[in-house]
>>> print(open('query-v8.txt').read())   # compact mmCIF, C-alpha atoms and all ligand atoms
# COMPACT_ATOMS: atom_id res chain seq x y z
CA MET A 5 7.22 -2.80 26.58
CA ASN A 6 7.41 0.75 27.84
CA ILE A 7 6.74 3.62 25.44
CA SER A 8 8.11 6.98 26.51
CA ILE A 9 6.13 9.98 25.33
CA LEU A 10 7.45 13.45 24.62
CA HIS A 11 4.60 15.76 23.62
CA ALA A 12 5.13 18.45 21.02
CA LEU A 13 5.32 21.95 22.45
CA PRO A 14 2.57 24.33 21.31
CA THR A 15 5.19 26.04 19.09
CA GLN A 16 6.08 22.72 17.45
CA LYS A 17 2.46 21.93 16.55
CA LYS A 18 1.41 22.45 12.97
CA LEU A 19 -1.73 23.98 11.58
CA LYS A 20 -4.27 21.31 10.72
CA PRO A 21 -5.93 21.57 7.32
CA GLU A 22 -9.39 23.13 7.36
CA ASN A 23 -10.55 21.02 4.47
CA ALA A 24 -8.83 17.63 4.37
CA ASN A 25 -10.50 16.92 1.06
CA ASN A 26 -8.15 19.21 -0.83
CA LEU A 27 -4.99 17.72 0.64
CA PRO A 28 -2.45 16.43 -1.80
CA PHE A 29 -1.30 12.92 -0.86
CA GLY A 30 1.68 12.60 1.47
CA ASP A 31 2.82 16.19 2.01
CA LEU A 32 1.50 16.99 5.48
CA PHE A 33 2.34 14.93 8.58
CA SER A 34 0.89 14.99 12.08
CA ASP A 35 2.60 16.39 15.20
CA HIS A 36 4.13 13.15 16.50
CA MET A 37 5.79 9.94 15.36
CA PHE A 38 6.45 6.53 16.92
CA VAL A 39 10.13 5.51 16.79
CA VAL A 40 12.04 2.37 17.87
CA ASP A 41 15.75 1.55 17.50
CA TYR A 42 17.32 -1.83 16.88
CA GLU A 43 20.78 -2.86 17.96
CA TYR A 44 22.28 -6.27 17.41
CA PRO A 45 22.36 -8.40 19.61
CA VAL A 46 20.11 -6.51 22.09
CA GLY A 47 17.02 -6.19 19.86
CA TRP A 48 14.42 -3.41 19.74
CA ILE A 49 14.99 -0.62 22.25
CA ASN A 50 13.88 2.95 23.07
CA HIS A 51 10.21 2.71 22.07
CA ARG A 52 9.12 6.32 22.01
CA ILE A 53 6.59 8.80 20.75
CA VAL A 54 8.24 12.13 20.00
CA PRO A 55 7.37 15.32 18.11
CA TYR A 56 7.56 14.78 14.33
CA SER A 57 11.07 15.89 13.42
CA PRO A 58 14.00 15.08 11.11
CA LEU A 59 16.05 12.00 12.02
CA SER A 60 19.76 12.33 12.53
CA ILE A 61 21.47 9.90 10.14
CA ASP A 62 25.16 9.11 9.72
CA PRO A 63 26.24 9.73 6.09
CA ALA A 64 27.66 6.17 6.11
CA ALA A 65 24.32 4.63 7.23
CA MET A 66 24.09 1.29 5.41
CA GLY A 67 20.45 1.78 4.43
CA ILE A 68 21.44 4.70 2.22
CA HIS A 69 24.28 2.84 0.51
CA TYR A 70 22.93 -0.69 0.10
CA GLY A 71 19.19 -0.23 0.16
CA GLN A 72 18.14 -2.04 3.34
CA GLU A 73 14.89 -0.09 3.50
CA LEU A 74 11.27 -1.18 3.64
CA PHE A 75 7.89 0.32 4.40
CA GLU A 76 4.18 -0.33 4.66
CA GLY A 77 1.04 1.62 3.80
CA LEU A 78 -2.26 1.31 5.65
CA LYS A 79 -5.05 3.56 6.82
CA ALA A 80 -7.18 4.59 9.78
CA TYR A 81 -10.75 5.72 9.17
CA ARG A 82 -12.98 8.09 11.13
CA ARG A 83 -16.36 6.46 11.78
CA LYS A 84 -19.64 8.36 11.91
CA ASP A 85 -19.71 7.86 15.71
CA ASN A 86 -16.27 9.57 15.81
CA LYS A 87 -14.43 6.38 16.78
CA ILE A 88 -11.44 5.25 14.72
CA ASN A 89 -11.19 2.07 12.64
CA LEU A 90 -7.96 0.34 11.69
CA PHE A 91 -8.32 -1.99 8.69
CA ARG A 92 -6.28 -5.23 8.69
CA ALA A 93 -3.33 -3.46 10.35
CA ARG A 94 -1.81 -6.70 11.65
CA ASP A 95 -1.74 -8.07 8.10
CA ASN A 96 0.36 -5.09 7.06
CA PHE A 97 2.83 -5.79 9.87
CA ILE A 98 2.97 -9.48 8.95
CA ARG A 99 3.84 -8.40 5.39
CA LEU A 100 6.41 -5.95 6.80
CA ASN A 101 8.14 -8.83 8.58
CA ARG A 102 8.20 -10.85 5.36
CA SER A 103 9.83 -7.88 3.58
CA ALA A 104 12.32 -7.63 6.47
CA ASP A 105 13.21 -11.30 6.15
CA ARG A 106 13.91 -10.86 2.42
CA LEU A 107 16.34 -7.97 3.09
CA CYS A 108 18.06 -9.58 6.14
CA MET A 109 16.48 -6.99 8.41
CA PRO A 110 15.13 -7.77 11.91
CA ALA A 111 11.47 -8.65 12.43
CA ILE A 112 9.41 -6.21 14.47
CA ASP A 113 7.32 -7.35 17.44
CA ILE A 114 3.83 -6.90 16.00
CA ASP A 115 2.11 -6.51 19.40
CA ASP A 116 4.57 -3.81 20.45
CA VAL A 117 4.21 -1.95 17.18
CA MET A 118 0.40 -2.17 17.25
CA GLN A 119 0.50 -0.72 20.76
CA GLY A 120 2.78 2.13 19.61
CA LEU A 121 0.59 2.83 16.58
CA LYS A 122 -2.60 2.98 18.65
CA LYS A 123 -0.96 5.32 21.16
CA LEU A 124 0.21 7.56 18.32
CA LEU A 125 -3.31 7.60 16.85
CA MET A 126 -4.74 8.57 20.23
CA ILE A 127 -2.23 11.39 20.75
CA ASP A 128 -2.73 12.74 17.22
CA GLN A 129 -6.41 11.80 16.88
CA ASP A 130 -7.38 15.35 15.88
CA TRP A 131 -5.38 14.72 12.71
CA ILE A 132 -7.80 12.03 11.55
CA PRO A 133 -10.15 13.83 9.17
CA SER A 134 -13.88 13.19 9.17
CA SER A 135 -15.29 14.51 5.90
CA PRO A 136 -16.56 11.78 3.56
CA GLY A 137 -13.87 9.76 1.81
CA THR A 138 -10.99 11.26 3.81
CA SER A 139 -8.74 9.07 5.94
CA LEU A 140 -5.42 8.92 7.74
CA TYR A 141 -2.55 7.28 5.87
CA ILE A 142 -0.08 5.38 8.06
CA ARG A 143 3.48 4.85 6.89
CA PRO A 144 5.60 2.40 8.95
CA THR A 145 9.21 2.49 7.73
CA MET A 146 12.47 0.73 8.60
CA PHE A 147 16.02 1.22 7.38
CA ALA A 148 19.60 0.35 8.28
CA THR A 149 21.46 2.98 10.31
CA GLU A 150 24.81 1.38 11.11
CA PRO A 151 27.65 3.57 9.76
CA HIS A 152 29.67 1.03 7.77
CA LEU A 153 30.64 0.64 4.12
CA GLY A 154 31.30 -3.09 3.83
CA VAL A 155 28.49 -4.98 2.08
CA ARG A 156 26.70 -7.07 4.71
CA PRO A 157 23.48 -6.76 6.74
CA SER A 158 23.53 -3.80 9.12
CA LYS A 159 23.60 -4.32 12.88
CA LYS A 160 21.53 -1.21 13.61
CA TYR A 161 18.11 -0.09 12.34
CA VAL A 162 15.44 2.47 13.02
CA PHE A 163 11.73 1.70 12.72
CA TYR A 164 9.18 4.50 12.79
CA VAL A 165 5.57 5.27 12.01
CA ILE A 166 4.48 8.61 10.57
CA ILE A 167 0.89 9.52 9.76
CA CYS A 168 -0.76 11.97 7.37
CA PRO A 169 -4.35 12.99 6.68
CA VAL A 170 -5.40 12.34 3.10
CA GLY A 171 -8.26 13.66 1.00
CA ALA A 172 -10.78 11.48 -0.79
CA TYR A 173 -9.10 9.55 -3.59
CA TYR A 174 -12.17 9.93 -5.78
CA LYS A 175 -13.39 13.49 -5.63
CA GLU A 176 -15.40 13.37 -8.83
CA GLY A 177 -16.65 9.80 -8.80
CA LEU A 178 -14.78 6.62 -9.65
CA ASN A 179 -13.36 7.58 -13.00
CA PRO A 180 -11.66 4.76 -14.91
CA VAL A 181 -7.92 5.15 -15.49
CA LYS A 182 -5.84 4.58 -18.63
CA ILE A 183 -2.91 2.22 -18.25
CA TYR A 184 0.17 1.64 -20.38
CA VAL A 185 1.47 -1.90 -20.82
CA GLU A 186 5.24 -1.77 -20.23
CA ASP A 187 7.07 -4.25 -22.43
CA ILE A 188 10.69 -3.08 -22.10
CA TYR A 189 11.41 -2.30 -18.45
CA ALA A 190 10.68 -4.57 -15.47
CA ARG A 191 10.20 -3.55 -11.82
CA THR A 192 11.34 -6.92 -10.56
CA PHE A 193 12.24 -10.43 -11.72
CA LYS A 194 12.03 -14.07 -10.68
CA GLY A 195 13.93 -14.54 -7.41
CA GLY A 196 14.03 -10.78 -6.84
CA THR A 197 12.16 -8.64 -4.31
CA GLY A 198 8.85 -8.21 -6.17
CA ASP A 199 6.75 -9.59 -3.32
CA ALA A 200 8.45 -7.41 -0.68
CA LYS A 201 7.48 -3.81 -0.01
CA VAL A 202 10.95 -2.34 -0.35
CA GLY A 203 11.99 1.06 -1.65
CA GLY A 204 14.21 -0.35 -4.40
CA ASN A 205 11.22 -1.81 -6.24
CA TYR A 206 9.69 1.64 -6.49
CA ALA A 207 12.95 3.25 -7.63
CA ALA A 208 13.13 0.64 -10.39
CA SER A 209 9.58 1.48 -11.48
CA LEU A 210 9.95 5.25 -11.83
CA LEU A 211 11.41 5.48 -15.33
CA ALA A 212 8.62 3.46 -16.93
CA ALA A 213 6.00 5.32 -14.86
CA GLU A 214 7.36 8.70 -16.00
CA LYS A 215 7.40 7.53 -19.60
CA ALA A 216 3.78 6.39 -19.31
CA LYS A 217 2.74 9.70 -17.69
CA ASP A 218 4.39 11.69 -20.50
CA ARG A 219 2.22 9.73 -22.93
CA GLY A 220 -0.96 10.54 -21.00
CA PHE A 221 -1.39 7.33 -19.00
CA THR A 222 -2.02 7.12 -15.26
CA GLN A 223 -0.22 3.89 -14.45
CA VAL A 224 2.01 1.17 -15.85
CA LEU A 225 0.84 -2.41 -16.25
CA TRP A 226 3.86 -4.60 -15.57
CA LEU A 227 4.53 -7.83 -17.45
CA ASP A 228 6.89 -10.62 -16.38
CA SER A 229 10.54 -9.73 -16.88
CA CYS A 230 11.51 -12.89 -18.83
CA GLU A 231 9.03 -13.00 -21.70
CA HIS A 232 7.10 -9.73 -21.30
CA LYS A 233 4.00 -11.80 -21.71
CA TYR A 234 2.34 -12.54 -18.36
CA ILE A 235 0.50 -9.82 -16.48
CA GLU A 236 1.84 -8.99 -13.02
CA GLU A 237 0.45 -5.82 -11.42
CA VAL A 238 -0.20 -2.12 -11.95
CA GLY A 239 1.99 0.63 -10.43
CA THR A 240 0.89 0.51 -6.80
CA MET A 241 -2.04 -1.86 -7.26
CA ASN A 242 -2.83 -5.49 -7.94
CA ILE A 243 -4.97 -6.15 -11.00
CA PHE A 244 -8.19 -8.08 -11.69
CA PHE A 245 -9.89 -9.00 -14.97
CA VAL A 246 -13.51 -10.03 -15.33
CA ILE A 247 -13.61 -12.34 -18.34
CA GLY A 248 -16.99 -13.94 -19.01
CA ASP A 249 -18.25 -14.93 -15.56
CA GLU A 250 -14.78 -15.38 -14.04
CA ILE A 251 -12.73 -12.94 -12.00
CA ILE A 252 -9.05 -13.56 -12.75
CA THR A 253 -6.01 -12.14 -10.98
CA PRO A 254 -2.33 -13.12 -11.31
CA PRO A 255 -1.14 -15.59 -8.65
CA LEU A 256 1.25 -14.69 -5.82
CA ASP A 257 4.27 -16.15 -7.61
CA GLY A 258 6.93 -14.10 -5.82
CA ASN A 259 6.97 -11.28 -8.37
CA ILE A 260 3.98 -9.26 -7.19
CA LEU A 261 3.09 -7.64 -3.89
CA PRO A 262 0.56 -9.68 -1.90
CA GLY A 263 -1.89 -6.78 -1.59
CA ILE A 264 -4.18 -6.61 1.41
CA THR A 265 -6.92 -5.14 -0.80
CA ARG A 266 -6.33 -7.95 -3.32
CA ASP A 267 -6.89 -10.48 -0.56
CA SER A 268 -10.00 -8.63 0.70
CA THR A 269 -11.38 -8.51 -2.86
CA ILE A 270 -10.87 -12.24 -3.40
CA LYS A 271 -12.47 -13.12 -0.06
CA ILE A 272 -15.49 -10.86 -0.64
CA ALA A 273 -16.06 -12.07 -4.21
CA LYS A 274 -15.87 -15.69 -3.06
CA LYS A 275 -18.28 -14.95 -0.21
CA TRP A 276 -20.69 -13.54 -2.79
CA GLY A 277 -20.45 -16.86 -4.65
CA LEU A 278 -18.50 -15.47 -7.60
CA LYS A 279 -15.88 -17.48 -9.48
CA VAL A 280 -12.41 -16.19 -8.61
CA LYS A 281 -9.25 -17.61 -10.16
CA GLU A 282 -5.68 -16.79 -9.17
CA GLN A 283 -4.00 -17.79 -12.38
CA LYS A 284 -1.42 -16.67 -14.91
CA LEU A 285 -2.86 -14.56 -17.69
CA THR A 286 -1.09 -13.20 -20.75
CA ILE A 287 -1.62 -9.72 -22.15
CA ASP A 288 -2.54 -11.37 -25.46
CA GLU A 289 -5.36 -13.33 -23.77
CA VAL A 290 -6.71 -10.05 -22.40
CA VAL A 291 -6.58 -8.38 -25.83
CA VAL A 292 -8.37 -11.37 -27.43
CA ALA A 293 -11.02 -11.39 -24.66
CA ALA A 294 -11.61 -7.69 -25.27
CA LYS A 295 -11.98 -8.25 -29.03
CA ASN A 296 -14.43 -11.13 -28.43
CA GLY A 297 -16.53 -9.02 -26.08
CA MET A 298 -15.67 -11.31 -23.15
CA LEU A 299 -13.64 -8.75 -21.18
CA LYS A 300 -16.28 -7.18 -18.92
CA GLU A 301 -14.25 -5.25 -16.37
CA VAL A 302 -10.67 -4.53 -15.33
CA PHE A 303 -9.81 -2.97 -11.97
CA GLY A 304 -6.81 -2.36 -9.75
CA THR A 305 -6.86 -2.88 -5.97
CA GLY A 306 -4.79 -1.04 -3.37
CA THR A 307 -4.97 0.82 -0.08
CA ALA A 308 -5.03 4.28 -1.68
CA ALA A 309 -7.75 3.84 -4.32
CA VAL A 310 -9.42 0.69 -2.89
CA ILE A 311 -10.84 -0.28 -6.30
CA SER A 312 -9.65 1.60 -9.35
CA PRO A 313 -11.56 0.82 -12.55
CA VAL A 314 -9.44 0.61 -15.70
CA GLY A 315 -11.12 2.07 -18.78
CA LEU A 316 -8.32 1.64 -21.31
CA ILE A 317 -5.22 -0.49 -21.76
CA HIS A 318 -2.59 0.62 -24.27
CA TYR A 319 -0.48 -2.22 -25.66
CA LYS A 320 1.94 -2.12 -28.59
CA GLY A 321 0.41 1.01 -30.10
CA GLU A 322 -3.20 -0.16 -29.73
CA ASP A 323 -5.90 1.05 -27.34
CA VAL A 324 -8.11 -1.60 -25.76
CA VAL A 325 -11.24 0.08 -24.36
CA ILE A 326 -12.89 -1.72 -21.43
CA ALA A 327 -16.57 -1.58 -20.43
CA GLY A 328 -17.01 1.41 -22.76
CA GLY A 329 -14.51 3.31 -20.58
CA LYS A 330 -17.06 3.29 -17.71
CA MET A 331 -17.07 1.94 -14.15
CA GLY A 332 -18.26 -1.68 -14.07
CA ASP A 333 -20.98 -3.01 -11.73
CA LEU A 334 -18.68 -5.43 -9.91
CA SER A 335 -16.00 -2.74 -9.38
CA GLN A 336 -18.66 -0.51 -7.85
CA ARG A 337 -20.09 -3.26 -5.62
CA LEU A 338 -16.66 -4.24 -4.34
CA TYR A 339 -15.72 -0.63 -3.71
CA ASP A 340 -18.93 0.00 -1.75
CA GLU A 341 -18.45 -3.12 0.36
CA ILE A 342 -14.78 -2.55 1.25
CA VAL A 343 -15.23 1.15 1.97
CA GLY A 344 -18.41 0.39 3.96
CA VAL A 345 -16.51 -2.04 6.18
CA GLN A 346 -13.50 0.31 6.55
CA TYR A 347 -15.63 3.22 7.79
CA GLY A 348 -17.87 1.02 9.94
CA ASP A 349 -20.97 1.70 7.80
CA ARG A 350 -21.34 -1.98 6.87
CA PRO A 351 -21.01 -5.00 9.17
CA ASP A 352 -17.50 -6.42 9.41
CA VAL A 353 -18.40 -10.05 8.85
CA TYR A 354 -14.76 -10.70 7.88
CA GLY A 355 -13.10 -9.74 11.19
CA TRP A 356 -10.90 -7.12 9.49
CA VAL A 357 -11.63 -4.03 11.51
CA GLU A 358 -10.22 -2.99 14.86
CA CYS A 359 -12.09 -0.08 16.41
CA ILE A 360 -10.07 2.11 18.74
CA ASP A 361 -11.52 4.85 20.91
N1 LIG B 1 1.33 -3.63 -5.57
C1 LIG B 1 2.21 -2.65 -5.25
C2 LIG B 1 3.52 -2.60 -5.96
C3 LIG B 1 1.90 -1.71 -4.25
O1 LIG B 1 2.76 -0.73 -3.94
C4 LIG B 1 0.65 -1.80 -3.59
C5 LIG B 1 0.29 -0.79 -2.53
N2 LIG B 1 0.74 -1.21 -1.27
C6 LIG B 1 -0.24 -2.84 -3.94
C7 LIG B 1 0.14 -3.73 -4.94
C8 LIG B 1 -1.55 -3.01 -3.23
O2 LIG B 1 -1.34 -3.46 -1.92
P1 LIG B 1 -2.36 -3.11 -0.76
O3 LIG B 1 -3.69 -3.58 -1.20
O4 LIG B 1 -1.85 -3.86 0.42
O5 LIG B 1 -2.32 -1.64 -0.58
>>> encode(input="query-v8.txt", output="structure tokens", more="lines below")
Ligand code: PMP
Amino acid sequence: MNISILHALPTQKKLKPENANNLPFGDLFSDHMFVVDYEYPVGWINHRIVPYSPLSIDPAAMGIHYGQELFEGLKAYRRKDNKINLFRARDNFIRLNRSADRLCMPAIDIDDVMQGLKKLLMIDQDWIPSSPGTSLYIRPTMFATEPHLGVRPSKKYVFYVIICPVGAYYKEGLNPVKIYVEDIYARTFKGGTGDAKVGGNYAASLLAAEKAKDRGFTQVLWLDSCEHKYIEEVGTMNIFFVIGDEIITPPLDGNILPGITRDSTIKIAKKWGLKVKEQKLTIDEVVVAAKNGMLKEVFGTGTAAVISPVGLIHYKGEDVVIAGGKMGDLSQRLYDEIVGVQYGDRPDVYGWVECID
């Protein structure tokens, strides 16, 4: 695969932030992007790195009308020796191809895309911040571009990767969040697209998320769409409960996103000899465990926050306070381990990190 490179002119280059720590998430993008086109039956063509710029899209592009759109979210980390670490990037692209399959979109060639991503990171390496806790967020995206209004899979797509420096998620320590248990709306349903990372899932989640925010909660805890009984996941995170000496997280039943951080958490906890169960859990069981003093910790897992302790769950008008509203020991240990591996401060005994320099 040949990647053509068109460097941004000095006048096209943007000012880099002086202090990446104060950056709001997802507003500022680097100088370049990696772009590939797809045309049926030829396949992926025109691999290129070009200055970051608007895409030209036909108003009849099928992705806009019928929602063939998907994305991924991963990060690159600046190590103390100035090299760059990618964390489980291939796993994100494997998940991207599963999302593509669900929406009748073409699979990417993971080797080609990894090569394009690494080249982009090298060209825009000055955009990878180095102050503690900062990182570079990577957003691979694909959508249908064929101008056509009949409902069927598109024959043309664009895939691209854009990157943005992000500040530390936790500027004032790992403060537990308050979550609202949503028992009316659902983000997805059995047989739907819940385990795919597709834009439509997020559109479907916004109304409940806004409602929760208006009531002073950070995130929504989703329940199953049939009975509003079984716990699924939180906003943009998977969820874990420490009940007694067991760590419990909902199984990958097709409704929830198979989070990379979820998988890392399970593997680390098992390596530490802890009891981890992927099993269905009802919101009522959680409330009872809290009342009995058995609910020790609750935390979300995701690329952005890594581990996000939950201090309060609001369900049917009642507040359930967890671990006295404080960060639990296990949440802290897991956070330290994952972040340590990501930044190269702790040994990568899991084989998750790819160091590029
Ligand atoms: N669930 C949803 C709905 C998400 O958007 C995310 C963030 N990608 C996660 C879970 C966590 O996944 P990951 O650990 O791969 O970031």
>>> residues_near_ligand(input="query-v8.txt", ligand="ligand LIG 1 (chain B)", cutoff="7 Å", atoms="only C-alpha atoms and all ligand atoms", output="PyMOL selection string")
chain A and resi 76-78+201+237-242+260-266+305-308
>>> atom_distance(input="query-v8.txt", atom1="CA of Arg102 in chain A", atom2="CA of Gly198 in chain A")
11.8 Å
>>> atom_distance(input="query-v8.txt", atom1="CA of Ile270 in chain A", atom2="CA of Val345 in chain A")
15.1 Å
>>> closest_residue(input="query-v8.txt", among="A:Tyr354, A:Ala12, A:Leu334, A:Lys87", to="Lys275 in chain A", atoms="all atoms listed in the file")
A:Tyr354
>>> atom_distance(input="query-v8.txt", atom1="CA of Val202 in chain A", atom2="CA of Tyr70 in chain A")
12.1 Å
>>> closest_residue(input="query-v8.txt", among="A:Tyr339, A:Tyr319, A:Trp226, A:Phe33", to="Ile243 in chain A", atoms="all atoms listed in the file")
A:Trp226
>>> closest_residue(input="query-v8.txt", among="A:Asn86, A:Asn26, A:Gln346, A:Ser8", to="Pro55 in chain A", atoms="only C-alpha atoms")
A:Ser8
>>> closest_residue(input="query-v8.txt", among="A:Thr286, A:Ser134, A:Ser335, A:Ser139", to="Asp85 in chain A", atoms="all atoms listed in the file")
A:Ser134
>>> closest_residue(input="query-v8.txt", among="A:Met331, A:Ile235, A:Val324, A:Ala172", to="Asn259 in chain A", atoms="only C-alpha atoms")
A:Ile235
>>> axis_aligned_box(input="query-v8.txt", around="range 319-332 of chain A", padding_each_side="6 Å", output="AutoDock Vina command-line options")
--center_x -8.2 --center_y 0.5 --center_z -22.1 --size_x 32.2 --size_y 17.5 --size_z 28.0
>>> closest_residue(input="query-v8.txt", among="A:Leu225, A:Leu59, A:Leu121, A:Ala24", to="Ile7 in chain A", atoms="all atoms listed in the file")
A:Leu121
>>> residues_around(input="query-v8.txt", residues="Leu338 in chain A", least_positions_apart="5", cutoff="10 Å", atoms="only C-alpha atoms", output="number ranges by chain")
A: 268-270, 272-273, 310-311, 333, 343-344
>>> residues_around(input="query-v8.txt", residues="Glu301 in chain A", least_positions_apart="4", cutoff="6 Å", atoms="only C-alpha atoms", output="list in words")
Phe245, Val246, Ala327 and Gly332 of chain A
>>> residues_around(input="query-v8.txt", residues="Lys20 in chain A", least_positions_apart="4", cutoff="9 Å", atoms="all atoms listed in the file", output="count of residues only")
5
>>> residues_around(input="query-v8.txt", residues="range 247-255 of chain A", least_positions_apart="3", cutoff="8 Å", atoms="all atoms listed in the file", output="ChimeraX atom specification")
/A:235-237,242-244,278-285,293,298-301
>>> residues_around(input="query-v8.txt", residues="range 182-184 of chain A", least_positions_apart="3", cutoff="9 Å", atoms="only C-alpha atoms", output="JSON, numbers by chain")
{"A": [213, 216, 217, 219, 220, 221, 222, 223, 224, 225, 226, 238, 314, 315, 316, 317, 318, 319, 329]}
>>> residues_near_point(input="query-v8.txt", point="(13.3, 13.0, 10.2)", cutoff="10 Å", atoms="all atoms listed in the file", output="PDB file with C-alpha atoms, keeping the file's coordinate frame")
ATOM      1  CA  MET A  37       5.790   9.940  15.360  1.00  0.00           C
ATOM      2  CA  TYR A  56       7.560  14.780  14.330  1.00  0.00           C
ATOM      3  CA  SER A  57      11.070  15.890  13.420  1.00  0.00           C
ATOM      4  CA  PRO A  58      14.000  15.080  11.110  1.00  0.00           C
ATOM      5  CA  LEU A  59      16.050  12.000  12.020  1.00  0.00           C
ATOM      6  CA  SER A  60      19.760  12.330  12.530  1.00  0.00           C
ATOM      7  CA  ILE A  61      21.470   9.900  10.140  1.00  0.00           C
ATOM      8  CA  TYR A 164       9.180   4.500  12.790  1.00  0.00           C
ATOM      9  CA  ILE A 166       4.480   8.610  10.570  1.00  0.00           C
TER      10      ILE A 166
END
